[in-house]
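A quick write-up on the structure given underneath.
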Amino acid sequence: MTLGMKEYIAQNPKLKYIFFGGKGGVGKTVMAGTAALWFARQGKKTLLASTNPVHSLSGLLGMNVFGKPTRVVPNLDAYEIDTKDTIEKSKVEIAEKIRWFLKFADIPTKADAFVETATMNPAFEESAMFENMINLMFEDQYEAYVFDTAPTANARRLLGMSKVYGLWVNKMLESRKEAQAMRLSLSFRNKKEEKDPLLDYLLSFQERMAHAQKLLTDREKTAFFFVTLPEALPIAVIRRFIGWFNEFGIPVGGVIVNGVIQTSQVTEDSSDFVKNRVEMQRGYLAQIDELFPEVRGRVPLFEKEVKGIDMLERVAAALFEGGVESRTA
Ligand SMILES: Nc1ncnc2c1ncn2[C@@H]1O[C@H](COP(=O)(O)OP(=O)(O)O)[C@@H](O)[C@H]1O
Ligand SMILES: [Mg+2]
């Protein structure tokens, strides 16, 4: 029998990094807020974090949590990372590195064109946010971390690339060490070993990536949950994500189905609109059960949007206490 969300978490007591992925608008932010509130109520010091440029957490919680971890309820801090600021800082850093390297390699070219190419693309912003996220994880100030949006493409890229990247960095390191040794043996003065910022950077980057990979693939500590509605497109999206994640050994915690219209709300007198929607959902709910063996919960479509702690409590009751079987009929 499939474990519900509450049982899954009880059976994984070391769970510490929780992510929610899925198509836009399916309820990832809502589920992240709900899970974070749950962990906090269980007595865990919890951080609910978002690397999303949209101020979704402040909207969800009805308070400003932008720019720094902000207390929401006992044990729960929320934090919307200032992505613009991070991106600017990363750009400055990258520009410095490129300039340094061009000078080091005696390449008489203006750095600007390189800097432009390196930073003017969406992948750059995405990886700046990814860096932000792993920095928070490395700081290790909380007992549970709930991230609003799963860094799906980045996690996948990171893990897919890490082997190739490791080989490449090792080769770079070898040849740079050789060059350094050669330079030392050629120099007349027994000059002290030169500082090599690029070598230092490669080493620390490799170390950070290895650490990130270890955390992200740790089956005891990490789980990615995928949120879907009982509709075709959101199902297709998480199907693809789960496929990737399984391929790279990233632990998938399971699927959460959101926005389920309660059959108890439907009577003979209900409008055709409602009856048809319910019928449509019935089909997709069956499809979800067939495709995904690990549905952790089904959350009803509420009569209003989910905003504020009181609404989050209602979602938590449905997600954690509602049971998985009760709503399939
Ligand atoms: N079960 C639900 N019942 C009613 N409204 C919901 C439910 N889940 C989410 N919503 C609303 O749907 C919208 C999208 O949810 P959100 O969590 O922001 O999605 P995402 O983060 O995946 O883009 C929000 O306005 C939210 O309040
Ligand atoms: Mg969101």
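Here, A, B, ... name the chains of the structure tokens in the order displayed, residue numbers run from 1 inside each chain, and ligands are numbered from 1 in the same displayed order.
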- Query: DSSP on the backbone: what in range 22-103 of chain A comes out alpha helix (DSSP H), as a PyMOL selection string?
  - Reply: chain A and resi 28-41+56-61+83-103
- Expected answer as JSON, numbers by chain: residues within 8 Å of ligand 2, only C-alpha atoms and all ligand atoms: {"A": [24, 25, 27, 28, 29, 30, 52, 54, 56, 57, 148, 149]}
Residues of chain A that approach ligand 1 to 10 Å or less, counting only C-alpha atoms and all ligand atoms: could you list each one with the shortest pair of atoms and its distance in Å to one decimal, rows by chain and increasing residue number, as a tab-separated table?
residue	atom	partner	partner_atom_place_in_ligand_line	distance
A:Phe20	CA	ligand 1	22 (O)	8.5
A:Gly21	CA	ligand 1	22 (O)	7.7
A:Gly22	CA	ligand 1	22 (O)	6.5
A:Lys23	CA	ligand 1	22 (O)	6.2
A:Gly24	CA	ligand 1	23 (O)	4.1
A:Gly25	CA	ligand 1	23 (O)	3.3
A:Val26	CA	ligand 1	22 (O)	4.0
A:Gly27	CA	ligand 1	17 (O)	3.1
A:Lys28	CA	ligand 1	22 (O)	3.7
A:Thr29	CA	ligand 1	17 (O)	3.7
A:Val30	CA	ligand 1	17 (O)	3.9
A:Met31	CA	ligand 1	17 (O)	6.6
A:Ala32	CA	ligand 1	17 (O)	8.0
A:Gly33	CA	ligand 1	17 (O)	8.5
A:Thr34	CA	ligand 1	17 (O)	10.0
A:Asn52	CA	ligand 1	21 (O)	9.5
A:Val54	CA	ligand 1	23 (O)	9.8
A:His55	CA	ligand 1	18 (O)	10.0
A:Ser56	CA	ligand 1	18 (O)	6.5
A:Leu57	CA	ligand 1	18 (O)	8.6
A:Gly59	CA	ligand 1	18 (O)	8.7
A:Leu60	CA	ligand 1	27 (O)	7.1
A:Asp148	CA	ligand 1	21 (O)	7.1
A:Thr149	CA	ligand 1	21 (O)	7.3
A:Phe226	CA	ligand 1	22 (O)	9.9
A:Val227	CA	ligand 1	22 (O)	7.6
A:Thr228	CA	ligand 1	22 (O)	8.6
A:Leu229	CA	ligand 1	8 (N)	9.2
A:Pro234	CA	ligand 1	22 (O)	10.0
A:Val257	CA	ligand 1	1 (N)	9.1
A:Asn258	CA	ligand 1	1 (N)	5.4
A:Gly259	CA	ligand 1	1 (N)	4.4
A:Val260	CA	ligand 1	1 (N)	7.2
A:Ile261	CA	ligand 1	1 (N)	8.9
A:Arg298	CA	ligand 1	1 (N)	9.1
A:Val299	CA	ligand 1	1 (N)	5.7
A:Pro300	CA	ligand 1	1 (N)	5.1
A:Leu301	CA	ligand 1	3 (N)	3.8
A:Phe302	CA	ligand 1	3 (N)	3.8
A:Glu303	CA	ligand 1	4 (C)	6.2
A:Lys304	CA	ligand 1	4 (C)	5.3
A:Glu305	CA	ligand 1	27 (O)	3.7
A:Val306	CA	ligand 1	27 (O)	3.7
A:Lys307	CA	ligand 1	27 (O)	5.9
A:Gly308	CA	ligand 1	27 (O)	9.5
A:Met311	CA	ligand 1	27 (O)	9.1
A:Leu312	CA	ligand 1	27 (O)	9.7
A:Arg314	CA	ligand 1	1 (N)	9.5
A:Val315	CA	ligand 1	1 (N)	7.0
A:Ala318	CA	ligand 1	1 (N)	9.3
A:Leu319	CA	ligand 1	1 (N)	9.9
- Item | Å distance separating CA of Phe224 in chain A from CA of Leu203 in chain A, one decimal place | 28.7 Å
- Note on the structure: Between A:Gly67, A:Gly322, A:Pro230, A:Gly253, smallest distance to Val278 in chain A by only C-alpha atoms belongs to A:Pro230
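Closest approach to Arg240 in chain A among A:Ala286, A:Val266, A:Ile94, A:Leu291 is made by A:Leu291 (distances from only C-alpha atoms).
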- Between A:Ile134, A:Leu202, A:Ala144, A:Val274, single out the one closest to Val169 in chain A, counting only C-alpha atoms.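 Ranking A:Ile134, A:Leu202, A:Ala144, A:Val274 by distance to Val169 in chain A, first place goes to A:Leu202.
Distance annotation: of A:Leu48, A:Gln262, A:Gly254, A:Met137, the residue with the minimal separation from Gln213 in chain A is A:Met137; atom set is only C-alpha atoms.
Per DSSP on the backbone, strand (DSSP E or B) in range 85-319 of chain A comprises Ala144, Tyr145, Val146, Phe147, Thr222, Ala223, Phe224, Phe225, Phe226, Val227, Thr228, Val252, Gly253, Gly254, Val255, Ile256, Val257, Asn258, Gly259, Val260, Val295, Arg296, Gly297, Arg298, Val299 and Pro300 of chain A.
Proximity to Phe292 in chain A was assessed for A:Tyr201, A:Val255, A:Lys103, A:Tyr142 counting only C-alpha atoms; the smallest distance is recorded for A:Val255.
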- Query: Any idea what's packed within 10 Å of Ile9 in chain A, counting only C-alpha atoms, ignoring anything in its chain fewer than 3 positions away? Could you give it as a list in words?
  - Reply: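 The residues that qualify are Leu3, Gly4, Met5, Lys6, Asn12, Pro13, Lys14, Leu15, Phe39, Ala223, Gly253 and Phe320 of chain A.
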With N, CA and C atoms retained, could you export that selection as an mmCIF file, in the first residue's frame?
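Output (selection_38.cif):
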data_model
loop_
_atom_site.group_PDB
_atom_site.id
_atom_site.type_symbol
_atom_site.label_atom_id
_atom_site.label_comp_id
_atom_site.auth_asym_id
_atom_site.auth_seq_id
_atom_site.Cartn_x
_atom_site.Cartn_y
_atom_site.Cartn_z
ATOM 1 N N LEU A 3 2.249 4.766 0.957
ATOM 2 C CA LEU A 3 2.266 5.588 2.165
ATOM 3 C C LEU A 3 1.775 6.988 1.843
ATOM 4 N N GLY A 4 0.961 7.530 2.724
ATOM 5 C CA GLY A 4 0.568 8.931 2.586
ATOM 6 C C GLY A 4 1.711 9.830 3.025
ATOM 7 N N MET A 5 1.531 11.121 2.833
ATOM 8 C CA MET A 5 2.576 12.092 3.130
ATOM 9 C C MET A 5 3.051 11.979 4.586
ATOM 10 N N LYS A 6 2.118 11.890 5.500
ATOM 11 C CA LYS A 6 2.467 11.847 6.922
ATOM 12 C C LYS A 6 3.299 10.604 7.240
ATOM 13 N N ASN A 12 10.792 8.532 7.178
ATOM 14 C CA ASN A 12 12.072 9.119 6.761
ATOM 15 C C ASN A 12 12.461 10.243 7.727
ATOM 16 N N PRO A 13 12.799 9.853 8.964
ATOM 17 C CA PRO A 13 12.994 10.869 10.005
ATOM 18 C C PRO A 13 14.185 11.793 9.742
ATOM 19 N N LYS A 14 15.091 11.386 8.864
ATOM 20 C CA LYS A 14 16.258 12.238 8.616
ATOM 21 C C LYS A 14 16.031 13.232 7.485
ATOM 22 N N LEU A 15 14.838 13.191 6.916
ATOM 23 C CA LEU A 15 14.506 14.087 5.815
ATOM 24 C C LEU A 15 14.781 15.538 6.188
ATOM 25 N N PHE A 39 6.485 20.774 9.190
ATOM 26 C CA PHE A 39 7.765 20.492 9.851
ATOM 27 C C PHE A 39 7.940 21.373 11.085
ATOM 28 N N ALA A 223 14.284 14.730 -0.588
ATOM 29 C CA ALA A 223 13.179 14.203 -1.393
ATOM 30 C C ALA A 223 12.602 15.307 -2.271
ATOM 31 N N GLY A 253 10.302 11.757 -3.798
ATOM 32 C CA GLY A 253 9.481 11.433 -2.632
ATOM 33 C C GLY A 253 8.091 10.960 -3.014
ATOM 34 N N PHE A 320 -1.788 15.971 4.966
ATOM 35 C CA PHE A 320 -1.157 15.077 5.938
ATOM 36 C C PHE A 320 -2.153 14.167 6.647
#
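Each of A:Thr263, A:Asn276, A:Ser58, A:Thr2 was checked against Ala78 in chain A using only C-alpha atoms; the smallest atom-to-atom distance is that of A:Ser58.
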- Item | Selection near Lys44 in chain A, 8 Å with only C-alpha atoms, sequence-local residues under 2 positions removed, as a ChimeraX atom specification | /A:39-42,46,75,143-144
- Item | d(CA of Lys91 in chain A, CA of Ala113 in chain A) in Å | 13.0 Å
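CA of Asp200 in chain A to CA of Arg99 in chain A spans 15.9 Å [interatomic distance, one decimal].
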